[in-house]
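Text of target_23.cif, listed as mmCIF, N, CA and C atoms:
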data_work
loop_
_atom_site.label_atom_id
_atom_site.label_comp_id
_atom_site.auth_asym_id
_atom_site.auth_seq_id
_atom_site.Cartn_x
_atom_site.Cartn_y
_atom_site.Cartn_z
N MET A 1 101.17 84.22 106.68
CA MET A 1 100.64 85.48 107.13
C MET A 1 99.32 85.30 107.87
N GLY A 2 98.46 84.38 107.46
CA GLY A 2 97.18 84.21 108.12
C GLY A 2 96.21 85.32 107.74
N TRP A 3 95.29 85.62 108.63
CA TRP A 3 94.33 86.69 108.38
C TRP A 3 94.85 87.99 108.97
N ARG A 4 94.67 89.07 108.24
CA ARG A 4 95.05 90.40 108.71
C ARG A 4 93.83 91.29 108.60
N ARG A 5 93.55 92.06 109.63
CA ARG A 5 92.39 92.95 109.63
C ARG A 5 92.83 94.37 109.31
N ALA A 6 92.17 94.98 108.35
CA ALA A 6 92.46 96.36 107.96
C ALA A 6 91.31 97.24 108.40
N THR A 7 91.54 98.05 109.44
CA THR A 7 90.49 98.91 109.97
C THR A 7 90.81 100.39 109.83
N THR A 8 92.09 100.73 109.75
CA THR A 8 92.43 102.14 109.60
C THR A 8 92.32 102.54 108.14
N CYS A 9 92.18 103.82 107.91
CA CYS A 9 92.07 104.32 106.53
C CYS A 9 93.29 103.92 105.72
N LEU A 10 94.48 104.05 106.28
CA LEU A 10 95.71 103.70 105.56
C LEU A 10 95.78 102.21 105.24
N ASP A 11 95.44 101.36 106.22
CA ASP A 11 95.45 99.91 105.98
C ASP A 11 94.45 99.52 104.90
N ARG A 12 93.26 100.12 104.94
CA ARG A 12 92.25 99.81 103.93
C ARG A 12 92.69 100.27 102.55
N LEU A 13 93.32 101.43 102.48
CA LEU A 13 93.79 101.96 101.20
C LEU A 13 94.91 101.11 100.63
N ARG A 14 95.84 100.67 101.48
CA ARG A 14 97.00 99.90 101.05
C ARG A 14 96.63 98.49 100.62
N GLY A 15 95.79 97.83 101.40
CA GLY A 15 95.38 96.46 101.07
C GLY A 15 96.57 95.54 100.85
N TRP A 16 96.61 94.86 99.70
CA TRP A 16 97.68 93.92 99.37
C TRP A 16 98.85 94.60 98.66
N LEU A 17 98.74 95.90 98.35
CA LEU A 17 99.80 96.57 97.59
C LEU A 17 101.14 96.48 98.33
N GLY A 18 102.18 96.16 97.59
CA GLY A 18 103.52 96.08 98.16
C GLY A 18 103.77 94.83 98.98
N GLN A 19 102.88 93.87 98.92
CA GLN A 19 103.04 92.64 99.69
C GLN A 19 103.09 91.45 98.75
N ALA A 20 103.54 90.35 99.28
CA ALA A 20 103.56 89.10 98.50
C ALA A 20 102.12 88.65 98.25
N PRO A 21 101.88 87.94 97.16
CA PRO A 21 100.53 87.45 96.90
C PRO A 21 100.04 86.58 98.06
N PRO A 22 98.75 86.63 98.35
CA PRO A 22 98.22 85.78 99.43
C PRO A 22 98.30 84.31 99.04
N GLY A 23 98.55 83.49 100.03
CA GLY A 23 98.58 82.05 99.82
C GLY A 23 97.38 81.39 100.46
N PRO A 24 97.31 80.08 100.43
CA PRO A 24 96.21 79.37 101.08
C PRO A 24 96.13 79.74 102.56
N GLY A 25 94.95 80.09 103.01
CA GLY A 25 94.76 80.46 104.42
C GLY A 25 95.00 81.92 104.72
N ASP A 26 95.52 82.69 103.76
CA ASP A 26 95.75 84.12 103.96
C ASP A 26 94.50 84.91 103.58
N ALA A 27 94.22 85.96 104.31
CA ALA A 27 93.09 86.82 103.99
C ALA A 27 93.34 88.21 104.52
N LEU A 28 92.80 89.18 103.82
CA LEU A 28 92.76 90.55 104.30
C LEU A 28 91.30 90.85 104.56
N TRP A 29 90.98 91.19 105.81
CA TRP A 29 89.61 91.48 106.22
C TRP A 29 89.49 92.97 106.36
N ILE A 30 88.72 93.60 105.47
CA ILE A 30 88.60 95.06 105.43
C ILE A 30 87.24 95.44 105.99
N VAL A 31 87.25 96.19 107.11
CA VAL A 31 86.01 96.64 107.74
C VAL A 31 86.16 98.08 108.20
N PRO A 32 85.15 98.91 108.07
CA PRO A 32 84.00 98.70 107.22
C PRO A 32 84.39 98.87 105.76
N CYS A 33 83.65 98.23 104.86
CA CYS A 33 83.97 98.32 103.44
C CYS A 33 82.82 97.77 102.61
N ARG A 34 82.48 98.49 101.54
CA ARG A 34 81.44 98.05 100.61
C ARG A 34 81.95 97.94 99.19
N ALA A 35 83.17 98.44 98.93
CA ALA A 35 83.72 98.42 97.58
C ALA A 35 85.23 98.33 97.65
N ILE A 36 85.81 97.61 96.69
CA ILE A 36 87.27 97.47 96.63
C ILE A 36 87.72 97.64 95.18
N HIS A 37 89.04 97.80 95.02
CA HIS A 37 89.63 97.86 93.68
C HIS A 37 90.92 97.06 93.70
N THR A 38 91.37 96.70 92.52
CA THR A 38 92.64 95.97 92.39
C THR A 38 93.62 96.76 91.53
N ILE A 39 93.48 98.07 91.53
CA ILE A 39 94.40 98.93 90.78
C ILE A 39 95.79 98.81 91.39
N GLY A 40 96.78 98.56 90.56
CA GLY A 40 98.15 98.43 91.03
C GLY A 40 98.54 97.04 91.49
N MET A 41 97.60 96.12 91.52
CA MET A 41 97.92 94.76 91.93
C MET A 41 98.43 93.97 90.73
N ALA A 42 99.15 92.91 91.02
CA ALA A 42 99.75 92.10 89.94
C ALA A 42 99.14 90.72 89.83
N TRP A 43 98.16 90.40 90.67
CA TRP A 43 97.56 89.08 90.65
C TRP A 43 96.07 89.19 90.95
N PRO A 44 95.27 88.21 90.54
CA PRO A 44 93.84 88.22 90.85
C PRO A 44 93.59 87.78 92.29
N ILE A 45 92.45 88.20 92.83
CA ILE A 45 92.05 87.80 94.18
C ILE A 45 90.57 87.43 94.18
N ASP A 46 90.20 86.58 95.13
CA ASP A 46 88.79 86.33 95.40
C ASP A 46 88.32 87.41 96.35
N VAL A 47 87.14 87.96 96.11
CA VAL A 47 86.58 89.01 96.94
C VAL A 47 85.26 88.49 97.51
N VAL A 48 85.15 88.50 98.84
CA VAL A 48 83.96 87.99 99.51
C VAL A 48 83.36 89.12 100.35
N PHE A 49 82.18 89.58 99.97
CA PHE A 49 81.48 90.62 100.70
C PHE A 49 80.61 89.96 101.77
N VAL A 50 80.68 90.48 103.01
CA VAL A 50 79.92 89.90 104.13
C VAL A 50 79.14 90.97 104.87
N ASP A 51 78.09 90.53 105.58
CA ASP A 51 77.35 91.44 106.45
C ASP A 51 77.96 91.39 107.84
N LYS A 52 77.36 92.10 108.80
CA LYS A 52 77.92 92.16 110.16
C LYS A 52 77.92 90.80 110.87
N ARG A 53 77.09 89.90 110.42
CA ARG A 53 77.03 88.56 111.03
C ARG A 53 77.97 87.57 110.37
N GLY A 54 78.70 88.02 109.34
CA GLY A 54 79.62 87.14 108.64
C GLY A 54 78.98 86.34 107.52
N ARG A 55 77.72 86.66 107.20
CA ARG A 55 77.03 85.96 106.12
C ARG A 55 77.53 86.48 104.77
N VAL A 56 77.84 85.57 103.88
CA VAL A 56 78.35 85.92 102.57
C VAL A 56 77.22 86.49 101.72
N LEU A 57 77.42 87.74 101.26
CA LEU A 57 76.44 88.40 100.42
C LEU A 57 76.77 88.26 98.94
N ARG A 58 78.05 88.29 98.63
CA ARG A 58 78.48 88.21 97.23
C ARG A 58 79.91 87.70 97.18
N ILE A 59 80.20 86.87 96.20
CA ILE A 59 81.56 86.38 95.95
C ILE A 59 81.94 86.78 94.53
N VAL A 60 83.09 87.43 94.42
CA VAL A 60 83.65 87.76 93.10
C VAL A 60 84.92 86.94 92.96
N PRO A 61 84.87 85.82 92.23
CA PRO A 61 86.05 84.96 92.11
C PRO A 61 87.07 85.54 91.14
N ALA A 62 88.33 85.43 91.50
CA ALA A 62 89.47 85.79 90.64
C ALA A 62 89.31 87.16 89.98
N LEU A 63 89.04 88.17 90.80
CA LEU A 63 88.95 89.54 90.28
C LEU A 63 90.34 89.96 89.80
N ARG A 64 90.42 90.30 88.52
CA ARG A 64 91.70 90.62 87.90
C ARG A 64 92.22 91.99 88.31
N PRO A 65 93.52 92.22 88.17
CA PRO A 65 94.10 93.54 88.46
C PRO A 65 93.44 94.63 87.61
N GLY A 66 93.31 95.82 88.22
CA GLY A 66 92.74 96.96 87.52
C GLY A 66 91.22 96.98 87.50
N ARG A 67 90.59 96.15 88.29
CA ARG A 67 89.12 96.06 88.32
C ARG A 67 88.60 96.52 89.69
N GLY A 68 87.29 96.60 89.79
CA GLY A 68 86.65 96.96 91.04
C GLY A 68 85.42 96.11 91.26
N ALA A 69 84.94 96.08 92.49
CA ALA A 69 83.74 95.34 92.84
C ALA A 69 83.09 96.00 94.04
N CYS A 70 81.77 95.91 94.11
CA CYS A 70 81.08 96.49 95.25
C CYS A 70 79.84 95.67 95.60
N CYS A 71 79.34 95.91 96.80
CA CYS A 71 78.11 95.30 97.28
C CYS A 71 77.53 96.29 98.29
N ARG A 72 76.44 96.93 97.93
CA ARG A 72 75.88 98.01 98.75
C ARG A 72 75.44 97.55 100.12
N ARG A 73 75.07 96.29 100.28
CA ARG A 73 74.61 95.78 101.57
C ARG A 73 75.74 95.29 102.47
N ALA A 74 76.96 95.27 101.97
CA ALA A 74 78.08 94.69 102.72
C ALA A 74 78.51 95.58 103.89
N TRP A 75 79.03 94.92 104.89
CA TRP A 75 79.65 95.60 106.02
C TRP A 75 81.17 95.47 105.93
N GLY A 76 81.63 94.38 105.37
CA GLY A 76 83.06 94.14 105.25
C GLY A 76 83.37 93.28 104.05
N VAL A 77 84.68 93.17 103.77
CA VAL A 77 85.15 92.41 102.62
C VAL A 77 86.32 91.54 103.05
N LEU A 78 86.33 90.32 102.55
CA LEU A 78 87.49 89.44 102.70
C LEU A 78 88.15 89.32 101.34
N GLU A 79 89.45 89.61 101.29
CA GLU A 79 90.23 89.43 100.06
C GLU A 79 91.13 88.22 100.26
N LEU A 80 91.01 87.26 99.35
CA LEU A 80 91.71 85.99 99.45
C LEU A 80 92.46 85.70 98.16
N ALA A 81 93.35 84.75 98.20
CA ALA A 81 94.01 84.28 96.97
C ALA A 81 92.94 83.77 96.02
N ALA A 82 93.16 83.95 94.73
CA ALA A 82 92.20 83.46 93.73
C ALA A 82 91.99 81.96 93.93
N GLY A 83 90.74 81.55 94.00
CA GLY A 83 90.40 80.14 94.20
C GLY A 83 90.15 79.74 95.64
N GLU A 84 90.50 80.61 96.60
CA GLU A 84 90.35 80.26 98.02
C GLU A 84 88.89 80.14 98.44
N ALA A 85 88.03 81.02 97.97
CA ALA A 85 86.62 80.96 98.38
C ALA A 85 86.02 79.61 97.99
N ALA A 86 86.33 79.15 96.80
CA ALA A 86 85.83 77.84 96.36
C ALA A 86 86.48 76.72 97.17
N ARG A 87 87.77 76.82 97.43
CA ARG A 87 88.47 75.79 98.22
C ARG A 87 87.86 75.67 99.61
N LEU A 88 87.48 76.81 100.19
CA LEU A 88 86.89 76.81 101.52
C LEU A 88 85.41 76.41 101.51
N GLY A 89 84.84 76.34 100.32
CA GLY A 89 83.45 75.95 100.20
C GLY A 89 82.46 77.05 100.56
N TRP A 90 82.91 78.31 100.54
CA TRP A 90 82.02 79.42 100.87
C TRP A 90 81.02 79.64 99.75
N LYS A 91 79.77 79.88 100.12
CA LYS A 91 78.70 80.14 99.16
C LYS A 91 77.88 81.32 99.65
N GLU A 92 77.26 82.03 98.71
CA GLU A 92 76.41 83.16 99.07
C GLU A 92 75.28 82.67 99.96
N GLY A 93 74.98 83.45 101.00
CA GLY A 93 73.93 83.10 101.95
C GLY A 93 74.42 82.32 103.14
N GLU A 94 75.61 81.75 103.08
CA GLU A 94 76.18 81.00 104.19
C GLU A 94 77.10 81.90 105.01
N ARG A 95 77.41 81.46 106.19
CA ARG A 95 78.31 82.21 107.05
C ARG A 95 79.76 81.86 106.71
N ALA A 96 80.59 82.89 106.55
CA ALA A 96 82.02 82.69 106.29
C ALA A 96 82.73 82.67 107.63
N GLY A 97 82.87 81.50 108.21
CA GLY A 97 83.46 81.39 109.54
C GLY A 97 84.94 81.07 109.48
N ARG A 98 85.67 81.60 110.45
CA ARG A 98 87.11 81.34 110.53
C ARG A 98 87.41 79.87 110.81
N ARG A 99 86.48 79.17 111.40
CA ARG A 99 86.72 77.76 111.71
C ARG A 99 86.93 76.93 110.45
N ARG A 100 86.48 77.45 109.29
CA ARG A 100 86.64 76.73 108.04
C ARG A 100 87.96 77.09 107.35
N VAL A 101 88.71 78.00 107.93
CA VAL A 101 89.97 78.45 107.35
C VAL A 101 91.09 77.74 108.06
N SER A 102 92.13 77.38 107.31
CA SER A 102 93.22 76.59 107.88
C SER A 102 94.16 77.41 108.76
N MET A 103 94.07 78.73 108.70
CA MET A 103 94.96 79.58 109.49
C MET A 103 94.13 80.39 110.49
N PRO A 104 94.70 80.73 111.68
CA PRO A 104 93.94 81.51 112.66
C PRO A 104 93.85 82.98 112.27
N MET A 105 92.87 83.67 112.86
CA MET A 105 92.68 85.10 112.62
C MET A 105 93.78 85.86 113.34
N ARG A 106 94.35 86.83 112.66
CA ARG A 106 95.36 87.70 113.27
C ARG A 106 94.95 89.13 112.97
N THR A 107 95.24 90.02 113.90
CA THR A 107 94.99 91.42 113.65
C THR A 107 96.32 92.14 113.55
N GLY A 108 96.34 93.21 112.80
CA GLY A 108 97.58 93.97 112.62
C GLY A 108 98.46 93.34 111.59
N PRO A 109 99.60 94.02 111.28
CA PRO A 109 100.51 93.51 110.24
C PRO A 109 101.25 92.27 110.66
#

Before we go any further, please render this structure as structure tokens.
Amino acid sequence: MGWRRATTCLDRLRGWLGQAPPGPGDALWIVPCRAIHTIGMAWPIDVVFVDKRGRVLRIVPALRPGRGACCRRAWGVLELAAGEAARLGWKEGERAGRRRVSMPMRTGP
């Protein structure tokens, strides 16, 4: 699947619901967004909050189903398979660049 960008209200609301779990290199990029939830999901995800420059503000590893997370300073959120943020070596304060991801950025479904 690669990266998918969710910019419409419906895409942001739907997120990963009704889809297969993300695999290595898959991401849902939700913009604008400062808070997410995993209500209705069946698997944990890594949640990476970023600013407009792509700098990582907060990482929530393996957020379990039925939980929520927020970051008031965030401009967007990357939702990844649990463990992906660590695999990619992303750390708070660093830039989360697509060049470090094994799959190219894609927009739309």

Please write as number ranges by chain the full residue list that the PyMOL selection byres ((chain A and resi 79-84) around 7) yields on this file. A: 21-30, 44-48, 61-63, 77-78, 85-90

Hey, can you check how far atom N of Ala20 (chain A) sits from atom C of Arg53 (chain A)? 28.0 Å

So that I can check the secondary structure, give me every residue of region 49-92 of chain A assigned alpha helix (DSSP H) by backbone DSSP, as a list in words.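 Across region 49-92 of chain A, those assigned alpha helix (DSSP H) are Glu84, Ala85, Ala86, Arg87 and Leu88 of chain A.
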
Hey, what's within 6.5 Å of region 36-40 of chain A if we count all atoms listed in the file and toss same-chain stuff fewer than 4 positions away? As an MDAnalysis selection string, please? chainID A and resid 17 64:70

Which residues match the PyMOL selection byres ((chain A and resi 92) around 6) in the file above, as a ChimeraX atom specification? /A:56-58,90-91,93-94

For atom N of Cys33 (chain A) and atom C of Asp11 (chain A), quote the distance in Å rounded to one decimal. 10.9 Å

Separation of CA of Trp3 (chain A) and CA of Ala74 (chain A), in Å?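 Between CA of Trp3 (chain A) and CA of Ala74 (chain A) the gap is 19.0 Å.
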
DSSP on the backbone, strand (DSSP E) only: what residues of region 5-94 of chain A does that give? Format it as JSON, numbers by chain. {"A": [5, 6, 27, 28, 29, 30, 35, 36, 37, 45, 46, 47, 48, 49, 50, 56, 57, 58, 59, 60, 61, 62, 63, 68, 69, 70, 76, 77, 78, 79, 80, 81]}

Run through the PyMOL selection byres ((chain A and resi 52) around 8) on the given coordinates and return the selected residues as a PyMOL selection string. chain A and resi 50-51+53-55+73-76

The selected residues should be written to file as a PDB file, in the coordinates of the input (atoms: N, CA and C atoms).
ATOM      1  N   VAL A  50      80.680  90.480 103.010  1.00  0.00           N
ATOM      2  CA  VAL A  50      79.920  89.900 104.130  1.00  0.00           C
ATOM      3  C   VAL A  50      79.140  90.970 104.870  1.00  0.00           C
ATOM      4  N   ASP A  51      78.090  90.530 105.580  1.00  0.00           N
ATOM      5  CA  ASP A  51      77.350  91.440 106.450  1.00  0.00           C
ATOM      6  C   ASP A  51      77.960  91.390 107.840  1.00  0.00           C
ATOM      7  N   ARG A  53      77.090  89.900 110.420  1.00  0.00           N
ATOM      8  CA  ARG A  53      77.030  88.560 111.030  1.00  0.00           C
ATOM      9  C   ARG A  53      77.970  87.570 110.370  1.00  0.00           C
ATOM     10  N   GLY A  54      78.700  88.020 109.340  1.00  0.00           N
ATOM     11  CA  GLY A  54      79.620  87.140 108.640  1.00  0.00           C
ATOM     12  C   GLY A  54      78.980  86.340 107.520  1.00  0.00           C
ATOM     13  N   ARG A  55      77.720  86.660 107.200  1.00  0.00           N
ATOM     14  CA  ARG A  55      77.030  85.960 106.120  1.00  0.00           C
ATOM     15  C   ARG A  55      77.530  86.480 104.770  1.00  0.00           C
ATOM     16  N   ARG A  73      75.070  96.290 100.280  1.00  0.00           N
ATOM     17  CA  ARG A  73      74.610  95.780 101.570  1.00  0.00           C
ATOM     18  C   ARG A  73      75.740  95.290 102.470  1.00  0.00           C
ATOM     19  N   ALA A  74      76.960  95.270 101.970  1.00  0.00           N
ATOM     20  CA  ALA A  74      78.080  94.690 102.720  1.00  0.00           C
ATOM     21  C   ALA A  74      78.510  95.580 103.890  1.00  0.00           C
ATOM     22  N   TRP A  75      79.030  94.920 104.890  1.00  0.00           N
ATOM     23  CA  TRP A  75      79.650  95.600 106.020  1.00  0.00           C
ATOM     24  C   TRP A  75      81.170  95.470 105.930  1.00  0.00           C
ATOM     25  N   GLY A  76      81.630  94.380 105.370  1.00  0.00           N
ATOM     26  CA  GLY A  76      83.060  94.140 105.250  1.00  0.00           C
ATOM     27  C   GLY A  76      83.370  93.280 104.050  1.00  0.00           C
TER      28      GLY A  76
END
